[in-house]
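The data block below is input39.pdb; it holds PDB, C-alpha atoms.
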ATOM      1  CA  MET A   1      17.767 -22.624 -33.932
ATOM      2  CA  LYS A   2      19.661 -22.641 -30.686
ATOM      3  CA  THR A   3      18.762 -19.051 -30.063
ATOM      4  CA  THR A   4      15.043 -19.803 -30.403
ATOM      5  CA  LEU A   5      15.297 -22.472 -27.737
ATOM      6  CA  LEU A   6      17.383 -20.215 -25.563
ATOM      7  CA  THR A   7      14.825 -17.430 -25.824
ATOM      8  CA  ILE A   8      11.998 -19.760 -24.861
ATOM      9  CA  GLY A   9      13.998 -21.054 -21.907
ATOM     10  CA  LEU A  10      14.791 -17.529 -20.787
ATOM     11  CA  ALA A  11      11.183 -16.414 -21.078
ATOM     12  CA  LEU A  12      10.062 -19.331 -18.925
ATOM     13  CA  THR A  13      12.624 -18.499 -16.242
ATOM     14  CA  ILE A  14      11.502 -14.885 -16.115
ATOM     15  CA  ILE A  15       7.865 -15.869 -15.738
ATOM     16  CA  SER A  16       8.579 -18.274 -12.888
ATOM     17  CA  CYS A  17      10.782 -15.711 -11.102
ATOM     18  CA  ASN A  18       8.003 -13.143 -11.153
ATOM     19  CA  ASN A  19       5.639 -15.597  -9.508
ATOM     20  CA  SER A  20       7.839 -16.195  -6.508
ATOM     21  CA  LYS A  21       8.307 -12.440  -6.038
ATOM     22  CA  THR A  22       4.605 -11.873  -5.348
ATOM     23  CA  GLU A  23       4.533 -14.778  -2.902
ATOM     24  CA  LYS A  24       7.421 -13.283  -0.971
ATOM     25  CA  ARG A  25       5.696  -9.938  -0.751
ATOM     26  CA  ALA A  26       2.565 -11.535   0.647
ATOM     27  CA  ALA A  27       4.622 -13.366   3.269
ATOM     28  CA  GLU A  28       6.285 -10.148   4.373
ATOM     29  CA  THR A  29       2.996  -8.382   4.980
ATOM     30  CA  THR A  30       1.677 -11.190   7.181
ATOM     31  CA  ASN A  31       4.809 -10.993   9.295
ATOM     32  CA  GLU A  32       4.338  -7.309   9.873
ATOM     33  CA  THR A  33       0.730  -7.610  10.941
ATOM     34  CA  THR A  34       1.556 -10.001  13.786
ATOM     35  CA  ALA A  35       2.416  -7.129  16.062
ATOM     36  CA  LYS A  36       2.031  -7.717  19.783
ATOM     37  CA  ALA A  37      -0.691  -5.889  21.657
ATOM     38  CA  GLU A  38       0.562  -5.089  25.105
ATOM     39  CA  ASN A  39      -0.955  -2.600  27.445
ATOM     40  CA  THR A  40       2.053  -0.464  28.250
ATOM     41  CA  ALA A  41       1.034   3.128  27.711
ATOM     42  CA  ALA A  42       4.035   5.363  27.215
ATOM     43  CA  SER A  43       4.290   8.978  28.248
ATOM     44  CA  ASP A  44       3.220  11.524  25.652
ATOM     45  CA  GLN A  45       6.771  12.545  25.026
ATOM     46  CA  GLU A  46       7.874   9.115  23.917
ATOM     47  CA  GLY A  47       4.959   8.928  21.491
ATOM     48  CA  GLU A  48       6.021  12.230  20.022
ATOM     49  CA  LYS A  49       9.549  10.994  19.630
ATOM     50  CA  ALA A  50       8.287   7.860  17.905
ATOM     51  CA  ILE A  51       6.521   9.912  15.262
ATOM     52  CA  THR A  52       9.650  11.920  14.299
ATOM     53  CA  PRO A  53      10.943   9.618  11.518
ATOM     54  CA  ILE A  54       7.400   9.349  10.146
ATOM     55  CA  ILE A  55       6.868  13.114   9.959
ATOM     56  CA  ASP A  56      10.394  13.580   8.566
ATOM     57  CA  ALA A  57       9.685  11.139   5.732
ATOM     58  CA  TYR A  58       6.195  12.521   5.115
ATOM     59  CA  LEU A  59       7.551  16.068   4.772
ATOM     60  CA  ALA A  60      10.296  14.801   2.468
ATOM     61  CA  VAL A  61       7.622  13.313   0.179
ATOM     62  CA  LYS A  62       5.772  16.638   0.301
ATOM     63  CA  ASN A  63       8.929  18.601  -0.592
ATOM     64  CA  GLY A  64       9.624  16.255  -3.484
ATOM     65  CA  LEU A  65       6.135  16.931  -4.852
ATOM     66  CA  VAL A  66       6.459  20.699  -4.300
ATOM     67  CA  ASN A  67       9.600  20.527  -6.464
ATOM     68  CA  ASP A  68       7.859  18.350  -9.101
ATOM     69  CA  ASN A  69      10.526  15.781  -8.325
ATOM     70  CA  GLN A  70       9.121  12.281  -8.814
ATOM     71  CA  GLU A  71      12.361  10.562  -7.797
ATOM     72  CA  GLU A  72      12.730  12.444  -4.537
ATOM     73  CA  ALA A  73       9.095  11.738  -3.655
ATOM     74  CA  ALA A  74       9.486   8.054  -4.562
ATOM     75  CA  LYS A  75      12.592   7.635  -2.434
ATOM     76  CA  SER A  76      10.947   9.332   0.541
ATOM     77  CA  GLY A  77       7.767   7.280   0.060
ATOM     78  CA  GLY A  78       9.871   4.155   0.582
ATOM     79  CA  THR A  79      11.476   5.687   3.686
ATOM     80  CA  LEU A  80       8.030   6.542   5.011
ATOM     81  CA  ALA A  81       6.762   2.977   4.544
ATOM     82  CA  THR A  82       9.783   1.669   6.476
ATOM     83  CA  ALA A  83       9.345   4.255   9.252
ATOM     84  CA  LEU A  84       5.681   3.318   9.626
ATOM     85  CA  ALA A  85       6.453  -0.392   9.693
ATOM     86  CA  SER A  86       8.889   0.106  12.564
ATOM     87  CA  LEU A  87       6.486   2.131  14.731
ATOM     88  CA  ASP A  88       5.942   0.124  17.919
ATOM     89  CA  ILE A  89       2.215   0.340  18.476
ATOM     90  CA  SER A  90       2.272  -1.542  21.786
ATOM     91  CA  GLN A  91       3.664   1.549  23.538
ATOM     92  CA  PHE A  92       0.357   3.385  23.151
ATOM     93  CA  ASP A  93      -2.949   3.115  25.037
ATOM     94  CA  ALA A  94      -4.615  -0.239  24.497
ATOM     95  CA  ASP A  95      -7.891   1.281  23.349
ATOM     96  CA  LYS A  96      -6.086   3.249  20.608
ATOM     97  CA  GLN A  97      -4.037   0.384  19.243
ATOM     98  CA  THR A  98      -6.563  -0.970  16.753
ATOM     99  CA  GLU A  99      -7.114   2.431  15.208
ATOM    100  CA  LEU A 100      -3.377   3.086  15.118
ATOM    101  CA  GLN A 101      -2.807  -0.259  13.452
ATOM    102  CA  GLU A 102      -5.364   0.610  10.767
ATOM    103  CA  ILE A 103      -3.923   4.065  10.144
ATOM    104  CA  VAL A 104      -0.390   2.686   9.913
ATOM    105  CA  GLU A 105      -1.476  -0.060   7.519
ATOM    106  CA  VAL A 106      -3.219   2.346   5.142
ATOM    107  CA  ALA A 107      -0.465   4.989   5.367
ATOM    108  CA  LYS A 108       2.183   2.340   4.661
ATOM    109  CA  ASN A 109       0.232   1.276   1.611
ATOM    110  CA  HIS A 110       0.304   4.899   0.400
ATOM    111  CA  GLY A 111       4.062   5.118   1.019
ATOM    112  CA  GLU A 112       4.640   1.973  -1.034
ATOM    113  CA  HIS A 113       2.531   3.264  -3.916
ATOM    114  CA  ILE A 114       4.325   6.618  -3.846
ATOM    115  CA  SER A 115       7.647   4.780  -4.052
ATOM    116  CA  GLU A 116       6.702   3.148  -7.373
ATOM    117  CA  SER A 117       4.358   5.515  -9.237
ATOM    118  CA  GLU A 118       4.462   8.371 -11.690
ATOM    119  CA  ILE A 119       3.944  11.818 -10.203
ATOM    120  CA  GLY A 120       0.187  12.243 -10.791
ATOM    121  CA  HIS A 121      -0.469   8.999  -9.007
ATOM    122  CA  GLN A 122       1.995   9.936  -6.266
ATOM    123  CA  ARG A 123      -0.011  13.090  -5.656
ATOM    124  CA  GLU A 124      -3.294  11.196  -5.369
ATOM    125  CA  HIS A 125      -1.799   8.891  -2.769
ATOM    126  CA  PHE A 126      -0.094  11.778  -1.012
ATOM    127  CA  GLU A 127      -3.384  13.653  -0.649
ATOM    128  CA  ALA A 128      -5.069  10.608   0.912
ATOM    129  CA  LEU A 129      -1.963   9.918   3.014
ATOM    130  CA  SER A 130      -2.063  13.433   4.437
ATOM    131  CA  LYS A 131      -5.378  12.704   6.166
ATOM    132  CA  ASP A 132      -3.941   9.537   7.694
ATOM    133  CA  ILE A 133      -0.856  11.349   8.986
ATOM    134  CA  LYS A 134      -3.109  14.011  10.482
ATOM    135  CA  ASP A 135      -5.187  11.326  12.216
ATOM    136  CA  LEU A 136      -1.962   9.767  13.452
ATOM    137  CA  THR A 137      -0.855  13.037  15.068
ATOM    138  CA  ALA A 138      -4.296  13.362  16.679
ATOM    139  CA  ILE A 139      -3.602  10.132  18.574
ATOM    140  CA  ILE A 140       0.116  10.165  19.272
ATOM    141  CA  GLY A 141       0.871  13.871  19.035
ATOM    142  CA  THR A 142       3.429  15.740  16.989
ATOM    143  CA  ASP A 143       7.064  16.667  17.623
ATOM    144  CA  ARG A 144       6.787  19.997  15.763
ATOM    145  CA  THR A 145       4.152  22.530  14.766
ATOM    146  CA  LEU A 146       2.350  21.442  11.610
ATOM    147  CA  TYR A 147       0.093  23.501   9.363
ATOM    148  CA  HIS A 148      -2.920  21.805   7.820
ATOM    149  CA  GLN A 149      -3.196  23.480   4.419
ATOM    150  CA  TYR A 150      -5.946  23.200   1.847
ATOM    151  CA  CYS A 151      -6.297  23.986  -1.846
ATOM    152  CA  PRO A 152      -9.925  23.921  -3.106
ATOM    153  CA  MET A 153      -8.918  23.459  -6.750
ATOM    154  CA  TYR A 154      -7.300  20.036  -6.510
ATOM    155  CA  ASN A 155      -9.028  16.999  -8.078
ATOM    156  CA  ASP A 156     -11.501  18.899 -10.296
ATOM    157  CA  ASN A 157     -12.348  21.375  -7.562
ATOM    158  CA  LYS A 158     -13.098  18.697  -4.983
ATOM    159  CA  GLY A 159     -10.172  20.094  -2.991
ATOM    160  CA  GLY A 160      -7.190  18.543  -1.306
ATOM    161  CA  MET A 161      -5.198  18.932   1.892
ATOM    162  CA  TRP A 162      -1.644  18.373   3.141
ATOM    163  CA  LEU A 163       0.530  19.141   6.159
ATOM    164  CA  SER A 164       3.521  21.448   6.181
ATOM    165  CA  ALA A 165       6.074  22.445   8.808
ATOM    166  CA  SER A 166       5.991  25.998   7.534
ATOM    167  CA  GLU A 167       3.119  28.443   7.380
ATOM    168  CA  GLU A 168       3.991  29.604   3.870
ATOM    169  CA  ILE A 169       1.982  27.933   1.086
ATOM    170  CA  LYS A 170       3.959  25.768  -1.329
ATOM    171  CA  ASN A 171       1.501  23.462  -3.008
ATOM    172  CA  PRO A 172       2.592  19.795  -3.324
ATOM    173  CA  LEU A 173      -0.618  18.761  -5.122
ATOM    174  CA  PHE A 174       0.028  21.041  -8.100
ATOM    175  CA  GLY A 175       3.727  21.850  -7.760
ATOM    176  CA  ASP A 176       4.936  24.522 -10.128
ATOM    177  CA  LYS A 177       1.586  24.603 -11.950
ATOM    178  CA  MET A 178      -0.142  26.325  -9.032
ATOM    179  CA  MET A 179       2.423  26.766  -6.291
ATOM    180  CA  LYS A 180       0.455  29.318  -4.302
ATOM    181  CA  CYS A 181      -2.961  27.655  -4.230
ATOM    182  CA  GLY A 182      -3.961  27.060  -0.635
ATOM    183  CA  LYS A 183      -4.490  28.443   2.813
ATOM    184  CA  VAL A 184      -3.808  27.349   6.363
ATOM    185  CA  GLN A 185      -6.902  25.706   7.803
ATOM    186  CA  GLU A 186      -5.606  24.577  11.135
ATOM    187  CA  VAL A 187      -2.462  24.716  13.214
ATOM    188  CA  ILE A 188      -1.476  21.448  14.882
ATOM    189  CA  SER A 189       0.762  22.427  17.742
ATOM    190  CA  LEU A 190       2.903  20.490  20.195
TER
ATOM    191  CA  MET B   1      15.353 -27.031 -38.630
ATOM    192  CA  LYS B   2      13.087 -30.059 -38.319
ATOM    193  CA  LYS B   3      14.846 -31.048 -35.095
ATOM    194  CA  ALA B   4      14.213 -27.638 -33.569
ATOM    195  CA  ALA B   5      10.538 -27.811 -34.415
ATOM    196  CA  ILE B   6      10.270 -31.196 -32.750
ATOM    197  CA  ILE B   7      12.065 -29.964 -29.637
ATOM    198  CA  ILE B   8       9.790 -26.935 -29.404
ATOM    199  CA  LEU B   9       6.772 -29.184 -29.806
ATOM    200  CA  ILE B  10       7.976 -31.513 -27.039
ATOM    201  CA  LEU B  11       8.754 -28.564 -24.789
ATOM    202  CA  GLY B  12       5.365 -27.041 -25.568
ATOM    203  CA  ILE B  13       3.597 -30.238 -24.554
ATOM    204  CA  GLY B  14       5.915 -30.803 -21.602
ATOM    205  CA  ILE B  15       5.180 -27.495 -19.959
ATOM    206  CA  GLN B  16       1.472 -28.301 -19.958
ATOM    207  CA  PHE B  17       2.202 -30.715 -17.108
ATOM    208  CA  ILE B  18       3.670 -28.037 -14.852
ATOM    209  CA  PRO B  19       0.884 -27.281 -12.399
ATOM    210  CA  VAL B  20      -0.656 -23.803 -12.189
ATOM    211  CA  PRO B  21      -3.028 -23.065  -9.314
ATOM    212  CA  LYS B  22      -6.594 -22.358 -10.375
ATOM    213  CA  ASN B  23      -8.175 -19.210  -9.010
ATOM    214  CA  GLN B  24     -11.663 -20.610  -8.486
ATOM    215  CA  SER B  25     -13.747 -21.217  -5.419
ATOM    216  CA  ASP B  26     -17.251 -22.732  -5.128
ATOM    217  CA  GLU B  27     -17.890 -20.972  -1.880
ATOM    218  CA  VAL B  28     -19.728 -17.675  -1.972
ATOM    219  CA  SER B  29     -17.592 -15.651   0.371
ATOM    220  CA  LYS B  30     -19.359 -13.952   3.268
ATOM    221  CA  THR B  31     -16.834 -11.166   3.020
ATOM    222  CA  ASP B  32     -17.538 -10.556  -0.670
ATOM    223  CA  PHE B  33     -17.981  -6.920  -1.682
ATOM    224  CA  LEU B  34     -21.122  -7.405  -3.796
ATOM    225  CA  GLN B  35     -22.726  -9.661  -1.177
ATOM    226  CA  THR B  36     -22.358  -7.089   1.548
ATOM    227  CA  VAL B  37     -22.957  -3.740  -0.133
ATOM    228  CA  GLU B  38     -26.143  -4.886  -1.923
ATOM    229  CA  ALA B  39     -25.389  -2.886  -5.032
ATOM    230  CA  PRO B  40     -28.052  -2.423  -7.747
ATOM    231  CA  PHE B  41     -28.122  -5.255 -10.295
ATOM    232  CA  ASN B  42     -26.548  -3.327 -13.189
ATOM    233  CA  ILE B  43     -23.680  -2.181 -10.958
ATOM    234  CA  GLN B  44     -23.099  -5.756  -9.821
ATOM    235  CA  GLN B  45     -22.986  -6.924 -13.437
ATOM    236  CA  MET B  46     -20.450  -4.230 -14.359
ATOM    237  CA  ILE B  47     -18.133  -4.962 -11.453
ATOM    238  CA  LYS B  48     -18.333  -8.710 -12.007
ATOM    239  CA  ALA B  49     -17.658  -8.485 -15.723
ATOM    240  CA  SER B  50     -14.927  -5.862 -15.574
ATOM    241  CA  CYS B  51     -13.111  -6.490 -12.288
ATOM    242  CA  TYR B  52     -13.735  -9.913 -10.763
ATOM    243  CA  ASP B  53     -11.486 -11.964 -13.075
ATOM    244  CA  CYS B  54      -8.365 -10.464 -11.481
ATOM    245  CA  HIS B  55      -9.728  -8.995  -8.248
ATOM    246  CA  SER B  56     -11.616 -11.889  -6.680
ATOM    247  CA  ASN B  57     -11.215 -15.568  -5.790
ATOM    248  CA  ASN B  58     -13.196 -16.555  -8.869
ATOM    249  CA  THR B  59     -11.703 -16.153 -12.300
ATOM    250  CA  ASN B  60     -13.803 -16.893 -15.351
ATOM    251  CA  TYR B  61     -10.992 -18.422 -17.417
ATOM    252  CA  PRO B  62     -10.881 -17.975 -21.203
ATOM    253  CA  TRP B  63     -10.270 -21.118 -23.318
ATOM    254  CA  TYR B  64      -6.524 -20.479 -23.489
ATOM    255  CA  GLY B  65      -6.443 -19.717 -19.778
ATOM    256  CA  ARG B  66      -5.178 -23.155 -18.796
ATOM    257  CA  VAL B  67      -2.642 -23.391 -21.625
ATOM    258  CA  ARG B  68       0.941 -22.691 -20.546
ATOM    259  CA  PRO B  69       2.657 -20.283 -20.902
ATOM    260  CA  PHE B  70      -0.502 -18.090 -21.037
ATOM    261  CA  ALA B  71      -1.703 -19.647 -17.798
ATOM    262  CA  TRP B  72       1.415 -18.352 -16.034
ATOM    263  CA  LEU B  73       0.961 -14.840 -17.321
ATOM    264  CA  LEU B  74      -2.667 -14.906 -16.278
ATOM    265  CA  GLN B  75      -1.744 -16.255 -12.869
ATOM    266  CA  GLN B  76       0.727 -13.430 -12.406
ATOM    267  CA  HIS B  77      -1.901 -10.815 -13.291
ATOM    268  CA  ILE B  78      -4.386 -12.412 -10.899
ATOM    269  CA  ASP B  79      -1.837 -12.598  -8.066
ATOM    270  CA  GLU B  80      -0.928  -8.948  -8.476
ATOM    271  CA  GLY B  81      -4.562  -7.914  -8.853
ATOM    272  CA  LYS B  82      -5.676  -9.714  -5.706
ATOM    273  CA  ASP B  83      -2.701  -8.404  -3.785
ATOM    274  CA  GLU B  84      -3.930  -4.886  -4.531
ATOM    275  CA  LEU B  85      -7.659  -5.481  -4.144
ATOM    276  CA  ASN B  86      -9.631  -8.649  -3.492
ATOM    277  CA  PHE B  87     -13.402  -8.203  -3.727
ATOM    278  CA  SER B  88     -13.980 -11.686  -2.274
ATOM    279  CA  THR B  89     -12.437 -10.718   1.044
ATOM    280  CA  PHE B  90     -13.394  -7.050   1.002
ATOM    281  CA  GLN B  91     -15.015  -7.157   4.443
ATOM    282  CA  GLU B  92     -11.756  -8.366   5.942
ATOM    283  CA  TYR B  93     -10.171  -4.985   5.271
ATOM    284  CA  SER B  94     -10.436  -2.461   8.083
ATOM    285  CA  GLY B  95     -13.011   0.316   7.637
ATOM    286  CA  ARG B  96     -10.213   2.745   6.848
ATOM    287  CA  MET B  97      -8.712   0.396   4.272
ATOM    288  CA  GLN B  98     -12.130  -0.171   2.667
ATOM    289  CA  ARG B  99     -12.556   3.578   2.210
ATOM    290  CA  GLU B 100      -9.052   3.747   0.719
ATOM    291  CA  LYS B 101      -9.808   0.886  -1.695
ATOM    292  CA  ILE B 102     -13.018   2.600  -2.816
ATOM    293  CA  ARG B 103     -11.168   5.912  -3.253
ATOM    294  CA  SER B 104      -8.622   4.079  -5.361
ATOM    295  CA  MET B 105     -11.307   2.318  -7.459
ATOM    296  CA  ILE B 106     -12.924   5.651  -8.280
ATOM    297  CA  SER B 107      -9.606   7.171  -9.277
ATOM    298  CA  GLN B 108      -8.487   4.181 -11.376
ATOM    299  CA  ILE B 109     -11.798   4.010 -13.252
ATOM    300  CA  SER B 110     -11.986   7.738 -13.927
ATOM    301  CA  ASP B 111      -8.344   7.860 -15.055
ATOM    302  CA  GLY B 112      -9.061   4.950 -17.403
ATOM    303  CA  GLU B 113      -6.298   2.859 -15.824
ATOM    304  CA  MET B 114      -8.662   0.037 -14.955
ATOM    305  CA  PRO B 115      -9.725  -2.319 -16.426
ATOM    306  CA  LEU B 116      -6.227  -2.866 -17.868
ATOM    307  CA  LYS B 117      -5.853  -2.339 -21.610
ATOM    308  CA  GLU B 118      -4.133  -5.714 -22.007
ATOM    309  CA  TYR B 119      -7.127  -7.350 -20.370
ATOM    310  CA  LEU B 120      -9.567  -5.568 -22.668
ATOM    311  CA  TRP B 121      -7.807  -6.852 -25.789
ATOM    312  CA  MET B 122      -8.907 -10.343 -24.873
ATOM    313  CA  HIS B 123     -12.120  -9.338 -23.065
ATOM    314  CA  PRO B 124     -13.822  -6.614 -25.120
ATOM    315  CA  GLU B 125     -17.048  -7.331 -23.179
ATOM    316  CA  ALA B 126     -15.376  -6.038 -20.010
ATOM    317  CA  GLU B 127     -14.870  -2.571 -21.419
ATOM    318  CA  LEU B 128     -16.926   0.122 -19.691
ATOM    319  CA  THR B 129     -18.589   2.831 -21.759
ATOM    320  CA  ASN B 130     -18.295   6.409 -20.523
ATOM    321  CA  ASP B 131     -21.882   6.225 -19.353
ATOM    322  CA  GLU B 132     -21.189   3.033 -17.391
ATOM    323  CA  LYS B 133     -18.072   4.527 -15.862
ATOM    324  CA  GLU B 134     -20.113   7.489 -14.705
ATOM    325  CA  GLN B 135     -22.781   5.271 -13.132
ATOM    326  CA  LEU B 136     -20.170   3.148 -11.422
ATOM    327  CA  ILE B 137     -18.266   6.127 -10.035
ATOM    328  CA  LYS B 138     -21.471   7.756  -8.843
ATOM    329  CA  TYR B 139     -22.399   4.571  -7.048
ATOM    330  CA  LEU B 140     -18.960   4.127  -5.462
ATOM    331  CA  GLU B 141     -19.071   7.713  -4.263
ATOM    332  CA  THR B 142     -22.231   6.953  -2.290
ATOM    333  CA  LEU B 143     -20.203   4.353  -0.343
ATOM    334  CA  ASN B 144     -17.522   6.923   0.503
ATOM    335  CA  PRO B 145     -19.389  10.058   1.433
TER
END

For the file at hand, write its structure as structure tokens.
Amino acid sequence: MKTTLLTIGLALTIISCNNSKTEKRAAETTNETTAKAENTAASDQEGEKAITPIIDAYLAVKNGLVNDNQEEAAKSGGTLATALASLDISQFDADKQTELQEIVEVAKNHGEHISESEIGHQREHFEALSKDIKDLTAIIGTDRTLYHQYCPMYNDNKGGMWLSASEEIKNPLFGDKMMKCGKVQEVISL
Amino acid sequence: MKKAAIIILILGIGIQFIPVPKNQSDEVSKTDFLQTVEAPFNIQQMIKASCYDCHSNNTNYPWYGRVRPFAWLLQQHIDEGKDELNFSTFQEYSGRMQREKIRSMISQISDGEMPLKEYLWMHPEAELTNDEKEQLIKYLETLNP
């Protein structure tokens, strides 16, 4: 008898706790979007330095996926989301800030999904994320040479791309299943 | 035994007085996805029937939808759904985010992850046939060339 009541009570508490969690998450995102827009363009070099933790985390996600390691990719996806959130957009040219803001927002969303998904889903988000990271380097530059690599077989032969710090092909979209699928399409240099 | 039943009954009635916000709005949002993309009628019907209950500001509640504790569970699903994608405010997303949301819709529908199985148990009418899925994906792909 008592246990029945206890179970009901417990169930109710769990339900109400879950509700407040979503509210908190929504509040956090609004805080992050209130970034200041100041026109203080930094030198190229500073922009390149600012992207270092982002590229580090992105490549760590990629390596996790190359190794078919969901946990490693998830952990790095979280790191990437944090790195993106702490990028100070106000240091870049005023006319680029809106686009940067949009790229960062979408890329952060990918990082968050990667941090909490199974590996197939991680790969989908990673493929889309790769385009955003490439667009990011087009605006703020890169701190190292990156190789834009492409495998035409991904996603039912629709193809998929990613960035790597090494010229050698190790496919993060297939992992061990098709490690060598891909070729370098473009070199993004310093 | 009788006492327990009475207590459960009282609790069951009592929780009905705990307020749950209602996800309904009379306003037709100017930022609504279907308002702005001008999709063909059958596509609109599919998206409304299969997605809008959890992914818009207008839920078509089932009869048990206001009965606690089901109302709380429903509310949680709706909150999470709208957090991920809200068709009512689709135009408020940046262009880049809109393309990402459409990419994600295509992938979720073709993987059979959406609509959620739990949702389909109670809403068999929301289930998409393979043919409908194909039409929907084809249409969404025209938005994301």

Report as JSON lines: every residue of chain B with an atom at most 12 Å from chain A, its closest pair of atoms, and their distance in Å to one decimal, counting only C-alpha atoms, with rows sorted by chain and ascending residue number.
{"residue": "B:Met1", "atom": "CA", "partner": "A:Met1", "partner_atom": "CA", "distance": 6.9}
{"residue": "B:Lys2", "atom": "CA", "partner": "A:Met1", "partner_atom": "CA", "distance": 9.8}
{"residue": "B:Lys3", "atom": "CA", "partner": "A:Met1", "partner_atom": "CA", "distance": 9.0}
{"residue": "B:Ala4", "atom": "CA", "partner": "A:Met1", "partner_atom": "CA", "distance": 6.2}
{"residue": "B:Ala5", "atom": "CA", "partner": "A:Met1", "partner_atom": "CA", "distance": 8.9}
{"residue": "B:Ile6", "atom": "CA", "partner": "A:Leu5", "partner_atom": "CA", "distance": 11.2}
{"residue": "B:Ile7", "atom": "CA", "partner": "A:Leu5", "partner_atom": "CA", "distance": 8.4}
{"residue": "B:Ile8", "atom": "CA", "partner": "A:Leu5", "partner_atom": "CA", "distance": 7.3}
{"residue": "B:Leu9", "atom": "CA", "partner": "A:Leu5", "partner_atom": "CA", "distance": 11.0}
{"residue": "B:Ile10", "atom": "CA", "partner": "A:Leu5", "partner_atom": "CA", "distance": 11.7}
{"residue": "B:Leu11", "atom": "CA", "partner": "A:Ile8", "partner_atom": "CA", "distance": 9.4}
{"residue": "B:Gly12", "atom": "CA", "partner": "A:Ile8", "partner_atom": "CA", "distance": 9.9}
{"residue": "B:Ile15", "atom": "CA", "partner": "A:Leu12", "partner_atom": "CA", "distance": 9.6}
{"residue": "B:Ile18", "atom": "CA", "partner": "A:Ser16", "partner_atom": "CA", "distance": 11.1}
{"residue": "B:Pro19", "atom": "CA", "partner": "A:Ser16", "partner_atom": "CA", "distance": 11.9}
{"residue": "B:Val20", "atom": "CA", "partner": "A:Asn19", "partner_atom": "CA", "distance": 10.7}
{"residue": "B:Pro21", "atom": "CA", "partner": "A:Asn19", "partner_atom": "CA", "distance": 11.4}
{"residue": "B:Arg68", "atom": "CA", "partner": "A:Leu12", "partner_atom": "CA", "distance": 9.9}
{"residue": "B:Pro69", "atom": "CA", "partner": "A:Leu12", "partner_atom": "CA", "distance": 7.7}
{"residue": "B:Phe70", "atom": "CA", "partner": "A:Ile15", "partner_atom": "CA", "distance": 10.1}
{"residue": "B:Ala71", "atom": "CA", "partner": "A:Ile15", "partner_atom": "CA", "distance": 10.5}
{"residue": "B:Trp72", "atom": "CA", "partner": "A:Ile15", "partner_atom": "CA", "distance": 6.9}
{"residue": "B:Leu73", "atom": "CA", "partner": "A:Ile15", "partner_atom": "CA", "distance": 7.2}
{"residue": "B:Leu74", "atom": "CA", "partner": "A:Ile15", "partner_atom": "CA", "distance": 10.6}
{"residue": "B:Gln75", "atom": "CA", "partner": "A:Asn19", "partner_atom": "CA", "distance": 8.1}
{"residue": "B:Gln76", "atom": "CA", "partner": "A:Asn19", "partner_atom": "CA", "distance": 6.1}
{"residue": "B:His77", "atom": "CA", "partner": "A:Asn19", "partner_atom": "CA", "distance": 9.7}
{"residue": "B:Ile78", "atom": "CA", "partner": "A:Thr22", "partner_atom": "CA", "distance": 10.6}
{"residue": "B:Asp79", "atom": "CA", "partner": "A:Thr22", "partner_atom": "CA", "distance": 7.0}
{"residue": "B:Glu80", "atom": "CA", "partner": "A:Thr22", "partner_atom": "CA", "distance": 7.0}
{"residue": "B:Gly81", "atom": "CA", "partner": "A:Thr22", "partner_atom": "CA", "distance": 10.6}
{"residue": "B:Lys82", "atom": "CA", "partner": "A:Thr22", "partner_atom": "CA", "distance": 10.5}
{"residue": "B:Asp83", "atom": "CA", "partner": "A:Ala26", "partner_atom": "CA", "distance": 7.6}
{"residue": "B:Glu84", "atom": "CA", "partner": "A:Asn109", "partner_atom": "CA", "distance": 9.6}
{"residue": "B:Leu85", "atom": "CA", "partner": "A:Asn109", "partner_atom": "CA", "distance": 11.9}
{"residue": "B:Tyr93", "atom": "CA", "partner": "A:Glu102", "partner_atom": "CA", "distance": 9.2}
{"residue": "B:Ser94", "atom": "CA", "partner": "A:Glu102", "partner_atom": "CA", "distance": 6.5}
{"residue": "B:Gly95", "atom": "CA", "partner": "A:Glu102", "partner_atom": "CA", "distance": 8.3}
{"residue": "B:Arg96", "atom": "CA", "partner": "A:Glu102", "partner_atom": "CA", "distance": 6.6}
{"residue": "B:Met97", "atom": "CA", "partner": "A:Val106", "partner_atom": "CA", "distance": 5.9}
{"residue": "B:Gln98", "atom": "CA", "partner": "A:Val106", "partner_atom": "CA", "distance": 9.6}
{"residue": "B:Arg99", "atom": "CA", "partner": "A:Val106", "partner_atom": "CA", "distance": 9.9}
{"residue": "B:Glu100", "atom": "CA", "partner": "A:Val106", "partner_atom": "CA", "distance": 7.5}
{"residue": "B:Lys101", "atom": "CA", "partner": "A:Val106", "partner_atom": "CA", "distance": 9.6}
{"residue": "B:Ile102", "atom": "CA", "partner": "A:Ala128", "partner_atom": "CA", "distance": 11.9}
{"residue": "B:Arg103", "atom": "CA", "partner": "A:Ala128", "partner_atom": "CA", "distance": 8.8}
{"residue": "B:Ser104", "atom": "CA", "partner": "A:His125", "partner_atom": "CA", "distance": 8.7}
{"residue": "B:Ile106", "atom": "CA", "partner": "A:Glu124", "partner_atom": "CA", "distance": 11.5}
{"residue": "B:Ser107", "atom": "CA", "partner": "A:Glu124", "partner_atom": "CA", "distance": 8.4}
{"residue": "B:Gln108", "atom": "CA", "partner": "A:His121", "partner_atom": "CA", "distance": 9.6}
{"residue": "B:Ser110", "atom": "CA", "partner": "A:Asn155", "partner_atom": "CA", "distance": 11.3}
{"residue": "B:Asp111", "atom": "CA", "partner": "A:His121", "partner_atom": "CA", "distance": 10.0}
{"residue": "B:Glu113", "atom": "CA", "partner": "A:His121", "partner_atom": "CA", "distance": 10.9}

message: For the provided coordinates, the residues matched by the PyMOL selection byres ((chain B and resi 120-126) around 9) should be stated as a PyMOL selection string.
response: chain B and resi 46+48-51+62+115-119+127-128

field: Atom pair CA of Glu127 (chain A) / CA of Gly77 (chain A): separation (Å)
entry: 12.9 Å
